[in-house]
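Engineer: This is the structure, below, for whatever I ask next.
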Amino acid sequence: MGKNGYLPLFETRPARGLVFFRSYAASIFIGICFICFHRVSYFPVTERWVWVGMFVAELWFSFYFFITVIVKWNPVFRSTFKDRLSSRFEEEELPGVDIFVCTADPRLEPPTMVVSTVLSVMAYDYPPHKLSVYLSDDGCSDLTFYALLEASRFAQLWLPFCRKLKVESTSPEAYFHTTPEPVDESSEWLTIKKSYEDMRSRIEGITRLGKVPAHRRKEHKGFDEWDFVLSRHHHPSILQILIDGRDPDAIDIEGKALPTLVYLAREKRPQILHNFKAGALNALIRVSSRISNAPFILNVDCDMYSNNSKAIRDALCFFLDEGNGHEIAYVQYPQAFDNLTENEIYGSLRVIMKLELAGFDGNGGPCYVGTGCVHRRESLSGMKYSEELAVELKAMKYDKKIIGSASFNEEDCKALASCTYEENTPWGKEIGVKYGSLVEDILTGMSIQSKGWRSVFFNPQREAFLGMIPTTLLDTLVQHKRWGEGELQIFLSKHCPFVYGRPNMPLKLQLSYCIYNLWAPNCFATLYYVFVPSFCLFRGISLFPKISSSWGIPYLYVIFVHRVHSLVEYVWLGGTVRGWLNEQRIWMFKRTTSYFFAAIDHILKLFGFSKSAFAITGKVADGNVHRRYEQEIMEFGTWSPMFTVLAALALFNLLGLIAVVANNVAIDDARMKIFDIFGFQILLCYVLVFINLPIYQGMFFRKDSGKIPVSVTLQSVAFALLASTLAIY
């Protein structure tokens with residue numbers, strides 16, 4: 001029983017196995033101390049700068065390990081009591097929820113995928129008249145509008161079907177793809193499936209055509225708006241309410257109300273900065289405040305469909321809890337993906353989403369990750385948390401219907417989405433989603449927390465949302481380059497958590513943000529460790545203690561135990577051993593390319609030589625690329641400087657290993673002595689060669705279109721030979 005006499009709507013419990021983790025962390029710390037003592041005590045007379053470089057790299061790894069330990073020191077997990085929510089609030093007493101879905105390019109984000117996501121969130125197990133779904137189309141595509149029009153009609157069939165069969169997931173594409181035909185409801189099931197396939201076929205046909213035919217344009221007056229569209233970057237605001245929740249005729253085939261459904265393409269002009277996704281979300285916040293003005297806002301990416309029809313009720317268990325709900329600004333769900341291969345060839349966000357965000361929660365609240373998040377509208381409106389506001393929130397009643405039709409004007413709403421509305425206003429600075437960062441979500445969450453609000457992380461047994469992860473190596477590396485650059489930009493700005501977070505964010509939460517803010521600087525220590533030990537092998541310079549020396553024990557212990565713990569952690573979170581190996585490979589690829597280019601680009605921006613750009617990750621792939629992805633064959637296939645760096649480093653380490661093997665064969669009597677002196681460097685070289693096996697295959701053994709291009713191979717061979725020559729001479 002809570003202090004106010006109510007049973008709590010959620011509970012919090014610490015993670016299991018914390019004693020084991022803390023013992024492991026303490027033992028690694030002791031090992032690090034021994035390594036540092038060795039580096040200082042056995043300072044060489046010659047080649048001292050190489051030794052200093054190794055020491056500095058190891059100090060950096062130690063510092064980053066310390067940050068990681070802070071994040072994982074006290075993770076918490078939460079569970080909700082939806083039965084208590086239902087018994088405490090009648091349907092009419094539940095708050096309204098506005099749902100934002102964002103898309104930007106129909107070529108990279110197919111309209112069929114977008115509307116499947118929209119339909120999934122329209123079908124939540126929640127009073128439909130309390131839901132309002134907004135689609136922001138930053139591509140201003142009539143193809144997307146046509147798809148949404150089709151979805152608004154299909155919703156009349158889909159929502160009753162979901163209620164009757166208690167469908168999970170409520171995305172029709174995912175449901176019909178994964179669910180076998182039921183025996184007892186086969187007739188209706190087949191009818192709904194055929195209706196969906198017919199709708200999908202019409203949308204895909206018009207998408208391939210590239211334009212909406214004249215006879216289709218006559219189906220809705222909204223198509224007339226595209227007569228004034230010059231391009232996707234030059235057009236007025238377009239606002240169309242396809243389903244009006246206030247209209248008593250807006251009902252499904254069972255006579256039940258339908259959620260409000262709104263299409264918005266905000267105004268764009270070539271000479272005015274539109275601030276990418278952050279600008280789109282802020283336009284939605286303003287427009288929705290006039291149409292529905294729900295107190296809670298769920299935002300999802302267009303590829304992140306609802307996989308759990310109870311997700312909104314789960315989130316409300318936190319917001320409506322009488323004891324602590326008033327201080328919660330947002331509930332963050334983890335990102336999960338339905339297109340992962342069995343062994344996750346390009347890695348995943350498994351550890352981040354399932355463990356590190358729970359660690360953030362234990363340290364003060366998870367960061368906002370841009371999708372799958374339910375916000376309190378007041379926190380996005382720039383309000384600071386205070387005792388006075390808490391009293392208002394506790395007393396708030398949610399039994400109001402959405403704003404009536406007479407309370408807003410369509411032209412006024414369009415004005416709220418104009419490209420000049422935000423001029424000389426706090427939008428993007430103090431109000432709404434924050435501008436000026438490639439990771440606007442992280443900055444926005446930090447801003448909310450710095451104003452005294454709390455956030456919570458919730459990972460239900462059934463994933464709340466499922467999305468799509470990049471299916472090529474280049475897309476993965478480019479995505480992490482953007483993230484790494486944006487995180488570094490935050491750290492080196494006035495929004496650094498140690499400055500921006502005071503005094504409302506606890507120190508442990510400020511430190512937690514550094515695990516991502518410092519992604520990009522990780523590249524320098526990693527590149528040093530990947531390149532210099534092999535370079536010194538050519539020159540006969542030892543950088544580690546002898547294998548036979550007792551000083552080798554702390555190095556072996558830290559490396560071995562740290563990796564074993566990583567493997568156990570990964571498997572405990574549901575991964576496979578091969579998946580963990582792929583994660584280690586991608587970890588190195590990201591640190592030597594994505595984060596390196598992110599750091600360089602940000603340095604150039606600081607000197608005014610470059611500008612930020614937002615890259616959309618493709619959600620579709622051609623047949624050959626998709627087939628190789630399913631077979632877990634790494635995709636290269638195009639030129640990129642990132643591939644040149646990866647291939648050059650891989651070849652250089654291979655040449656170093658070949659040189660060592662050749663010397664061991666030539667000097668048989670001294671084989672053990674050589675291994676004793678250079679054992680750690682040789683083992684490191686072996687590990688790097690093993691990690692880079694897909695690179696060698698892509699350069700020399702594969703014949704398909706996904707291999708490494710010949711130009712990349714020639715460039716990397718030249719760089720590797722040059723580095724080897726310099727090392728020898």
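Naming works like this for the structure tokens: A, B, ... for the chains as they're shown, residue 1 at the start of each chain, ligands 1 onward in shown order.
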I'd like the contact shell of Asp224 (chain A) - 12 Å cut-off, only C-alpha atoms, skipping same-chain residues fewer than 2 positions apart - returned as a list of chain:residue names.
Structural biologist: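 The neighbour list is A:Asp142, A:Phe145, A:Val212, A:Ala214, A:Arg216, A:Arg217, A:Lys218, A:Glu219, A:His220, A:Lys221, A:Gly222, A:Trp226, A:Asp227, A:Phe228, A:Val229, A:Ile238, A:Leu239, A:Gln240.
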Engineer: Can you write out as CSV which residues of region 159-226 of chain A fall within 12 Å of region 311-317 of chain A, alongside each residue's closest atom pair and its distance in Å to one decimal, counting only C-alpha atoms and ordering rows by chain and ascending residue number?
Structural biologist:
```
residue,atom,partner,partner_atom,distance
A:Glu168,CA,A:Ala311,CA,11.6
A:Ser169,CA,A:Ala311,CA,11.4
A:Thr170,CA,A:Ala311,CA,11.6
```
Engineer: For the residues in that selection, give me N, CA, C and O atoms as a tab-separated table (two decimals), in the first residue's frame.
Structural biologist:
```tsv
chain	number	residue	atom	x	y	z
A	168	GLU	N	-1.89	-9.96	-31.75
A	168	GLU	CA	-0.54	-9.49	-31.45
A	168	GLU	C	0.38	-10.09	-32.53
A	168	GLU	O	0.37	-11.30	-32.73
A	169	SER	N	1.14	-9.33	-33.23
A	169	SER	CA	1.23	-7.88	-33.23
A	169	SER	C	0.13	-7.28	-34.09
A	169	SER	O	-0.44	-7.94	-34.96
A	170	THR	N	-0.17	-5.99	-33.82
A	170	THR	CA	-1.26	-5.32	-34.52
A	170	THR	C	-0.82	-4.71	-35.85
A	170	THR	O	-1.61	-4.02	-36.48
```
Engineer: What is the distance between CA of Pro554 (chain A) and CA of Phe66 (chain A), in Å to one decimal?
Structural biologist: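 For CA of Pro554 (chain A) relative to CA of Phe66 (chain A), the distance reads 17.1 Å.
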Engineer: Extract, using only C-alpha atoms, all DNA, RNA and protein residues at most 6 Å from region 377-394 of chain A, discarding same-chain residues fewer than 3 positions from it, and format them as a PDB file with all heavy atoms, in the first residue's frame.
Structural biologist:
```pdb
ATOM      1  N   PRO A 295      -2.667  14.768 -23.219  1.00  0.00           N
ATOM      2  CA  PRO A 295      -1.609  15.046 -22.241  1.00  0.00           C
ATOM      3  C   PRO A 295      -0.379  14.160 -22.394  1.00  0.00           C
ATOM      4  O   PRO A 295       0.661  14.455 -21.811  1.00  0.00           O
ATOM      5  CB  PRO A 295      -2.303  14.792 -20.896  1.00  0.00           C
ATOM      6  CG  PRO A 295      -3.422  13.865 -21.210  1.00  0.00           C
ATOM      7  CD  PRO A 295      -3.876  14.211 -22.593  1.00  0.00           C
ATOM      8  N   PHE A 296      -0.515  13.077 -23.175  1.00  0.00           N
ATOM      9  CA  PHE A 296       0.625  12.181 -23.365  1.00  0.00           C
ATOM     10  C   PHE A 296       0.855  11.953 -24.851  1.00  0.00           C
ATOM     11  O   PHE A 296      -0.097  11.898 -25.645  1.00  0.00           O
ATOM     12  CB  PHE A 296       0.400  10.853 -22.635  1.00  0.00           C
ATOM     13  CG  PHE A 296       0.207  11.023 -21.159  1.00  0.00           C
ATOM     14  CD1 PHE A 296      -1.052  10.932 -20.585  1.00  0.00           C
ATOM     15  CD2 PHE A 296       1.292  11.319 -20.342  1.00  0.00           C
ATOM     16  CE1 PHE A 296      -1.234  11.117 -19.226  1.00  0.00           C
ATOM     17  CE2 PHE A 296       1.121  11.514 -18.979  1.00  0.00           C
ATOM     18  CZ  PHE A 296      -0.143  11.413 -18.425  1.00  0.00           C
ATOM     19  N   HIS A 326       3.664  11.745 -10.948  1.00  0.00           N
ATOM     20  CA  HIS A 326       3.679  13.169 -11.299  1.00  0.00           C
ATOM     21  C   HIS A 326       5.070  13.676 -11.648  1.00  0.00           C
ATOM     22  O   HIS A 326       5.214  14.707 -12.306  1.00  0.00           O
ATOM     23  CB  HIS A 326       3.126  13.994 -10.140  1.00  0.00           C
ATOM     24  CG  HIS A 326       3.840  13.741  -8.850  1.00  0.00           C
ATOM     25  ND1 HIS A 326       3.545  12.667  -8.039  1.00  0.00           N
ATOM     26  CD2 HIS A 326       4.852  14.407  -8.236  1.00  0.00           C
ATOM     27  CE1 HIS A 326       4.339  12.691  -6.987  1.00  0.00           C
ATOM     28  NE2 HIS A 326       5.140  13.728  -7.071  1.00  0.00           N
ATOM     29  N   ALA A 329       8.611  12.260 -16.643  1.00  0.00           N
ATOM     30  CA  ALA A 329       8.452  13.013 -17.894  1.00  0.00           C
ATOM     31  C   ALA A 329       8.232  12.087 -19.074  1.00  0.00           C
ATOM     32  O   ALA A 329       7.441  12.386 -19.972  1.00  0.00           O
ATOM     33  CB  ALA A 329       9.680  13.880 -18.153  1.00  0.00           C
ATOM     34  N   GLU A 430      14.349  25.944 -25.829  1.00  0.00           N
ATOM     35  CA  GLU A 430      13.782  25.679 -24.511  1.00  0.00           C
ATOM     36  C   GLU A 430      12.498  24.871 -24.584  1.00  0.00           C
ATOM     37  O   GLU A 430      12.076  24.283 -23.596  1.00  0.00           O
ATOM     38  CB  GLU A 430      13.503  27.010 -23.788  1.00  0.00           C
ATOM     39  CG  GLU A 430      14.749  27.829 -23.515  1.00  0.00           C
ATOM     40  CD  GLU A 430      15.729  27.096 -22.613  1.00  0.00           C
ATOM     41  OE1 GLU A 430      15.271  26.381 -21.707  1.00  0.00           O
ATOM     42  OE2 GLU A 430      16.949  27.252 -22.809  1.00  0.00           O
ATOM     43  N   ILE A 431      11.867  24.864 -25.743  1.00  0.00           N
ATOM     44  CA  ILE A 431      10.586  24.172 -25.912  1.00  0.00           C
ATOM     45  C   ILE A 431      10.723  23.112 -26.993  1.00  0.00           C
ATOM     46  O   ILE A 431      11.357  23.340 -28.023  1.00  0.00           O
ATOM     47  CB  ILE A 431       9.464  25.170 -26.287  1.00  0.00           C
ATOM     48  CG1 ILE A 431       9.298  26.234 -25.200  1.00  0.00           C
ATOM     49  CG2 ILE A 431       8.143  24.449 -26.507  1.00  0.00           C
ATOM     50  CD1 ILE A 431       8.254  27.283 -25.534  1.00  0.00           C
ATOM     51  N   GLY A 432      10.108  21.966 -26.741  1.00  0.00           N
ATOM     52  CA  GLY A 432      10.074  20.924 -27.755  1.00  0.00           C
ATOM     53  C   GLY A 432      11.367  20.141 -27.863  1.00  0.00           C
ATOM     54  O   GLY A 432      12.219  20.153 -26.970  1.00  0.00           O
ATOM     55  N   LYS A 451      15.832  19.665 -16.069  1.00  0.00           N
ATOM     56  CA  LYS A 451      14.790  20.528 -15.517  1.00  0.00           C
ATOM     57  C   LYS A 451      14.077  19.878 -14.340  1.00  0.00           C
ATOM     58  O   LYS A 451      13.016  20.352 -13.914  1.00  0.00           O
ATOM     59  CB  LYS A 451      13.785  20.897 -16.612  1.00  0.00           C
ATOM     60  CG  LYS A 451      14.401  21.788 -17.695  1.00  0.00           C
ATOM     61  CD  LYS A 451      13.423  22.060 -18.820  1.00  0.00           C
ATOM     62  CE  LYS A 451      14.093  22.942 -19.884  1.00  0.00           C
ATOM     63  NZ  LYS A 451      13.217  23.167 -21.053  1.00  0.00           N
ATOM     64  N   GLY A 452      14.642  18.790 -13.832  1.00  0.00           N
ATOM     65  CA  GLY A 452      14.114  18.185 -12.621  1.00  0.00           C
ATOM     66  C   GLY A 452      13.187  17.009 -12.824  1.00  0.00           C
ATOM     67  O   GLY A 452      12.740  16.389 -11.855  1.00  0.00           O
ATOM     68  N   TRP A 453      12.865  16.682 -14.082  1.00  0.00           N
ATOM     69  CA  TRP A 453      11.968  15.563 -14.350  1.00  0.00           C
ATOM     70  C   TRP A 453      12.712  14.234 -14.218  1.00  0.00           C
ATOM     71  O   TRP A 453      13.919  14.156 -14.398  1.00  0.00           O
ATOM     72  CB  TRP A 453      11.400  15.660 -15.766  1.00  0.00           C
ATOM     73  CG  TRP A 453      10.460  16.802 -16.000  1.00  0.00           C
ATOM     74  CD1 TRP A 453      10.770  18.022 -16.536  1.00  0.00           C
ATOM     75  CD2 TRP A 453       9.059  16.836 -15.738  1.00  0.00           C
ATOM     76  NE1 TRP A 453       9.662  18.813 -16.616  1.00  0.00           N
ATOM     77  CE2 TRP A 453       8.585  18.105 -16.137  1.00  0.00           C
ATOM     78  CE3 TRP A 453       8.159  15.919 -15.211  1.00  0.00           C
ATOM     79  CZ2 TRP A 453       7.251  18.469 -16.024  1.00  0.00           C
ATOM     80  CZ3 TRP A 453       6.821  16.272 -15.099  1.00  0.00           C
ATOM     81  CH2 TRP A 453       6.382  17.540 -15.494  1.00  0.00           C
TER      82      TRP A 453
END
```
Engineer: I need the residues in region 99-211 of chain A that are strand (DSSP E) according to DSSP; give them as a list in words.
Structural biologist: Ile99, Phe100, Val101, Cys102, Thr103, Leu131, Ser132, Val133, Tyr134, Leu135, Ser136 and Asp137 of chain A
Engineer: Would you give me, as a CSV table (one decimal) with N, CA and C atoms, in the first residue's frame, the residues in region 563-620 of chain A that DSSP reads as helix (DSSP H, G or I)?
Structural biologist:
```csv
chain,number,residue,atom,x,y,z
A,563,ARG,N,36.6,-10.4,-21.6
A,563,ARG,CA,36.0,-10.9,-22.7
A,563,ARG,C,35.0,-12.0,-22.3
A,564,VAL,N,35.4,-12.9,-21.4
A,564,VAL,CA,34.5,-13.9,-20.9
A,564,VAL,C,33.2,-13.3,-20.3
A,565,HIS,N,33.4,-12.3,-19.5
A,565,HIS,CA,32.2,-11.6,-18.9
A,565,HIS,C,31.3,-11.0,-20.0
A,566,SER,N,31.9,-10.4,-21.0
A,566,SER,CA,31.2,-9.9,-22.2
A,566,SER,C,30.4,-11.0,-22.9
A,567,LEU,N,31.0,-12.1,-23.1
A,567,LEU,CA,30.3,-13.3,-23.7
A,567,LEU,C,29.1,-13.7,-22.8
A,568,VAL,N,29.4,-13.9,-21.5
A,568,VAL,CA,28.3,-14.4,-20.6
A,568,VAL,C,27.1,-13.4,-20.6
A,569,GLU,N,27.5,-12.1,-20.6
A,569,GLU,CA,26.5,-11.1,-20.5
A,569,GLU,C,25.6,-11.1,-21.8
A,570,TYR,N,26.3,-11.3,-22.9
A,570,TYR,CA,25.6,-11.3,-24.2
A,570,TYR,C,24.6,-12.4,-24.3
A,571,VAL,N,25.1,-13.6,-23.9
A,571,VAL,CA,24.3,-14.8,-24.0
A,571,VAL,C,23.1,-14.7,-23.0
A,572,TRP,N,23.4,-14.2,-21.8
A,572,TRP,CA,22.4,-14.0,-20.8
A,572,TRP,C,21.2,-13.1,-21.3
A,577,VAL,N,26.6,-17.4,-29.2
A,577,VAL,CA,28.1,-17.3,-29.2
A,577,VAL,C,28.6,-16.6,-30.5
A,578,ARG,N,28.1,-17.1,-31.6
A,578,ARG,CA,28.5,-16.5,-32.9
A,578,ARG,C,28.0,-15.1,-33.0
A,579,GLY,N,26.8,-14.8,-32.4
A,579,GLY,CA,26.4,-13.4,-32.4
A,579,GLY,C,27.3,-12.5,-31.6
A,580,TRP,N,27.8,-13.1,-30.5
A,580,TRP,CA,28.8,-12.3,-29.7
A,580,TRP,C,30.1,-12.0,-30.5
A,581,LEU,N,30.6,-13.1,-31.3
A,581,LEU,CA,31.7,-12.9,-32.1
A,581,LEU,C,31.5,-11.8,-33.2
A,582,ASN,N,30.3,-11.8,-33.8
A,582,ASN,CA,30.0,-10.8,-34.7
A,582,ASN,C,29.9,-9.4,-34.1
A,583,GLU,N,29.4,-9.3,-32.8
A,583,GLU,CA,29.3,-8.1,-32.1
A,583,GLU,C,30.7,-7.5,-31.9
A,584,GLN,N,31.7,-8.4,-31.5
A,584,GLN,CA,33.1,-8.0,-31.3
A,584,GLN,C,33.7,-7.4,-32.6
A,585,ARG,N,33.3,-8.1,-33.7
A,585,ARG,CA,33.9,-7.7,-35.0
A,585,ARG,C,33.3,-6.3,-35.4
A,586,ILE,N,32.0,-6.1,-35.2
A,586,ILE,CA,31.4,-4.8,-35.6
A,586,ILE,C,31.9,-3.7,-34.6
A,587,TRP,N,32.1,-4.1,-33.3
A,587,TRP,CA,32.6,-3.2,-32.3
A,587,TRP,C,34.0,-2.6,-32.8
A,588,MET,N,34.9,-3.5,-33.3
A,588,MET,CA,36.1,-3.0,-33.8
A,588,MET,C,36.0,-2.2,-35.1
A,589,PHE,N,35.1,-2.6,-36.0
A,589,PHE,CA,34.9,-1.9,-37.3
A,589,PHE,C,34.4,-0.5,-37.0
A,590,LYS,N,33.4,-0.4,-36.0
A,590,LYS,CA,32.9,1.0,-35.7
A,590,LYS,C,33.9,1.9,-35.1
A,591,ARG,N,34.8,1.3,-34.2
A,591,ARG,CA,35.8,2.2,-33.6
A,591,ARG,C,36.9,2.6,-34.5
A,592,THR,N,37.2,1.8,-35.5
A,592,THR,CA,38.3,2.2,-36.4
A,592,THR,C,37.8,2.9,-37.7
A,593,THR,N,36.5,3.0,-37.9
A,593,THR,CA,36.0,3.7,-39.1
A,593,THR,C,34.9,4.8,-38.7
A,594,SER,N,33.7,4.3,-38.2
A,594,SER,CA,32.6,5.2,-37.9
A,594,SER,C,33.0,6.3,-36.9
A,595,TYR,N,33.6,5.9,-35.8
A,595,TYR,CA,33.9,6.9,-34.8
A,595,TYR,C,35.2,7.7,-35.2
A,596,PHE,N,36.1,7.1,-36.0
A,596,PHE,CA,37.2,7.9,-36.5
A,596,PHE,C,36.7,9.0,-37.4
A,597,PHE,N,35.9,8.7,-38.4
A,597,PHE,CA,35.4,9.7,-39.3
A,597,PHE,C,34.4,10.7,-38.5
A,598,ALA,N,33.7,10.2,-37.5
A,598,ALA,CA,32.9,11.1,-36.7
A,598,ALA,C,33.7,12.1,-36.0
A,599,ALA,N,34.9,11.7,-35.4
A,599,ALA,CA,35.7,12.6,-34.7
A,599,ALA,C,36.4,13.6,-35.6
A,600,ILE,N,36.8,13.1,-36.8
A,600,ILE,CA,37.5,14.0,-37.8
A,600,ILE,C,36.5,15.0,-38.3
A,601,ASP,N,35.2,14.6,-38.6
A,601,ASP,CA,34.2,15.5,-39.1
A,601,ASP,C,33.9,16.6,-38.1
A,602,HIS,N,33.8,16.2,-36.8
A,602,HIS,CA,33.4,17.2,-35.8
A,602,HIS,C,34.6,18.2,-35.6
A,603,ILE,N,35.8,17.7,-35.7
A,603,ILE,CA,36.9,18.6,-35.6
A,603,ILE,C,36.9,19.6,-36.7
A,604,LEU,N,36.6,19.1,-37.9
A,604,LEU,CA,36.4,20.0,-39.1
A,604,LEU,C,35.3,21.0,-38.9
A,605,LYS,N,34.2,20.6,-38.3
A,605,LYS,CA,33.1,21.5,-38.1
A,605,LYS,C,33.5,22.6,-37.1
A,606,LEU,N,34.3,22.2,-36.1
A,606,LEU,CA,34.7,23.2,-35.1
A,606,LEU,C,35.5,24.3,-35.8
```
Engineer: Report the distance between CA of Cys140 (chain A) and CA of Arg232 (chain A) in Å, rounded to one decimal place.
Structural biologist: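 A separation of 5.4 Å between them.
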Engineer: Report as a ChimeraX atom specification all protein, DNA and RNA residues lying within 8 Å of Cys367 (chain A), evaluated on only C-alpha atoms, omitting residues in the same chain fewer than 5 positions from it.
Structural biologist: /A:332,357,360,442,445-446,455,513
Engineer: So that I can see what lies close to Phe319 (chain A), please list as a PDB file with N, CA and C atoms, in the first residue's frame the residues with an atom at most 9 Å from it, counting only C-alpha atoms and leaving out residues fewer than 6 positions away in the same chain.
Structural biologist:
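Result file follows (result.pdb):
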```
ATOM      1  N   GLY A 325       4.065   9.102 -10.022  1.00  0.00           N
ATOM      2  CA  GLY A 325       3.790   9.361 -11.434  1.00  0.00           C
ATOM      3  C   GLY A 325       3.946  10.801 -11.850  1.00  0.00           C
ATOM      4  N   HIS A 326       3.664  11.745 -10.948  1.00  0.00           N
ATOM      5  CA  HIS A 326       3.679  13.169 -11.299  1.00  0.00           C
ATOM      6  C   HIS A 326       5.070  13.676 -11.648  1.00  0.00           C
ATOM      7  N   GLU A 327       6.138  12.966 -11.239  1.00  0.00           N
ATOM      8  CA  GLU A 327       7.502  13.437 -11.511  1.00  0.00           C
ATOM      9  C   GLU A 327       8.113  12.803 -12.750  1.00  0.00           C
ATOM     10  N   ILE A 328       7.360  11.932 -13.426  1.00  0.00           N
ATOM     11  CA  ILE A 328       7.887  11.214 -14.588  1.00  0.00           C
ATOM     12  C   ILE A 328       7.573  11.984 -15.859  1.00  0.00           C
ATOM     13  N   ALA A 329       8.611  12.260 -16.643  1.00  0.00           N
ATOM     14  CA  ALA A 329       8.452  13.013 -17.894  1.00  0.00           C
ATOM     15  C   ALA A 329       8.232  12.087 -19.074  1.00  0.00           C
ATOM     16  N   TYR A 330       8.952  10.974 -19.116  1.00  0.00           N
ATOM     17  CA  TYR A 330       8.768  10.046 -20.242  1.00  0.00           C
ATOM     18  C   TYR A 330       9.100   8.626 -19.823  1.00  0.00           C
ATOM     19  N   VAL A 331       8.456   7.699 -20.531  1.00  0.00           N
ATOM     20  CA  VAL A 331       8.695   6.267 -20.358  1.00  0.00           C
ATOM     21  C   VAL A 331       9.336   5.765 -21.646  1.00  0.00           C
ATOM     22  N   ARG A 376       5.202  13.020 -21.439  1.00  0.00           N
ATOM     23  CA  ARG A 376       4.213  13.932 -20.865  1.00  0.00           C
ATOM     24  C   ARG A 376       4.324  15.248 -21.635  1.00  0.00           C
TER      25      ARG A 376
END
```
Engineer: Excluding region 37-49 of chain A and its own-chain neighbours fewer than 2 positions away, which residues fall within 12 Å of it when counting only C-alpha atoms? Please give them as a PyMOL selection string.
Structural biologist: chain A and resi 30-35+51-59+532+536+539-546+549-555
Engineer: Give me a file of those residues, with N, CA and C atoms, as a compact mmCIF listing (two decimals), in the first residue's frame.
Structural biologist:
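Output file part.txt is given in full below:
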```txt
# COMPACT_ATOMS: atom_id res chain seq x y z
N ILE A 30 41.70 -4.13 -10.05
CA ILE A 30 42.99 -4.52 -9.47
C ILE A 30 43.98 -4.88 -10.57
N GLY A 31 43.49 -5.63 -11.58
CA GLY A 31 44.36 -5.97 -12.70
C GLY A 31 44.86 -4.75 -13.44
N ILE A 32 43.99 -3.76 -13.61
CA ILE A 32 44.38 -2.52 -14.28
C ILE A 32 45.46 -1.80 -13.48
N CYS A 33 45.32 -1.80 -12.17
CA CYS A 33 46.34 -1.16 -11.32
C CYS A 33 47.70 -1.81 -11.53
N PHE A 34 47.74 -3.13 -11.61
CA PHE A 34 49.00 -3.82 -11.85
C PHE A 34 49.57 -3.47 -13.23
N ILE A 35 48.70 -3.37 -14.23
CA ILE A 35 49.16 -3.02 -15.58
C ILE A 35 49.76 -1.62 -15.58
N TRP A 51 55.93 3.31 -26.14
CA TRP A 51 55.50 2.80 -24.83
C TRP A 51 54.49 3.75 -24.17
N VAL A 52 54.78 5.05 -24.26
CA VAL A 52 53.87 6.06 -23.69
C VAL A 52 52.52 5.99 -24.40
N GLY A 53 52.55 5.82 -25.71
CA GLY A 53 51.30 5.71 -26.46
C GLY A 53 50.46 4.53 -26.01
N MET A 54 51.12 3.38 -25.77
CA MET A 54 50.40 2.21 -25.27
C MET A 54 49.80 2.50 -23.89
N PHE A 55 50.56 3.16 -23.06
CA PHE A 55 50.09 3.48 -21.70
C PHE A 55 48.88 4.41 -21.76
N VAL A 56 48.97 5.43 -22.61
CA VAL A 56 47.85 6.37 -22.73
C VAL A 56 46.60 5.65 -23.26
N ALA A 57 46.78 4.78 -24.26
CA ALA A 57 45.64 4.02 -24.79
C ALA A 57 45.01 3.15 -23.70
N GLU A 58 45.86 2.51 -22.91
CA GLU A 58 45.34 1.66 -21.84
C GLU A 58 44.67 2.47 -20.74
N LEU A 59 45.18 3.67 -20.47
CA LEU A 59 44.50 4.55 -19.51
C LEU A 59 43.12 4.94 -20.03
N VAL A 532 49.76 -0.07 -34.02
CA VAL A 532 51.12 0.06 -33.50
C VAL A 532 51.74 -1.27 -33.07
N CYS A 536 55.23 -2.53 -34.63
CA CYS A 536 56.42 -2.81 -33.82
C CYS A 536 56.90 -4.25 -33.98
N ARG A 539 59.46 -4.20 -36.55
CA ARG A 539 60.70 -3.58 -36.09
C ARG A 539 61.37 -4.34 -34.94
N GLY A 540 60.69 -5.37 -34.44
CA GLY A 540 61.28 -6.14 -33.35
C GLY A 540 61.22 -5.43 -32.01
N ILE A 541 60.19 -4.60 -31.82
CA ILE A 541 60.02 -3.85 -30.58
C ILE A 541 58.93 -4.52 -29.75
N SER A 542 59.23 -4.92 -28.53
CA SER A 542 58.26 -5.55 -27.65
C SER A 542 57.52 -4.49 -26.85
N LEU A 543 56.21 -4.59 -26.80
CA LEU A 543 55.38 -3.60 -26.11
C LEU A 543 54.68 -4.17 -24.88
N PHE A 544 54.87 -5.44 -24.63
CA PHE A 544 54.22 -6.09 -23.51
C PHE A 544 55.27 -6.90 -22.74
N PRO A 545 54.95 -7.31 -21.51
CA PRO A 545 55.90 -8.16 -20.78
C PRO A 545 56.04 -9.52 -21.46
N LYS A 546 57.10 -10.22 -21.13
CA LYS A 546 57.29 -11.56 -21.67
C LYS A 546 56.18 -12.49 -21.18
N SER A 549 57.00 -13.94 -17.91
CA SER A 549 57.10 -13.01 -16.78
C SER A 549 55.79 -13.01 -15.99
N SER A 550 55.92 -12.83 -14.69
CA SER A 550 54.73 -12.74 -13.85
C SER A 550 53.93 -11.48 -14.15
N TRP A 551 54.57 -10.49 -14.78
CA TRP A 551 53.85 -9.27 -15.15
C TRP A 551 52.87 -9.51 -16.29
N GLY A 552 53.01 -10.66 -16.94
CA GLY A 552 52.04 -10.98 -17.99
C GLY A 552 50.69 -11.42 -17.44
N ILE A 553 50.67 -11.83 -16.17
CA ILE A 553 49.43 -12.35 -15.58
C ILE A 553 48.32 -11.30 -15.56
N PRO A 554 48.58 -10.06 -15.08
CA PRO A 554 47.47 -9.09 -15.08
C PRO A 554 46.94 -8.79 -16.49
N TYR A 555 47.83 -8.75 -17.49
CA TYR A 555 47.37 -8.53 -18.87
C TYR A 555 46.46 -9.67 -19.31
```
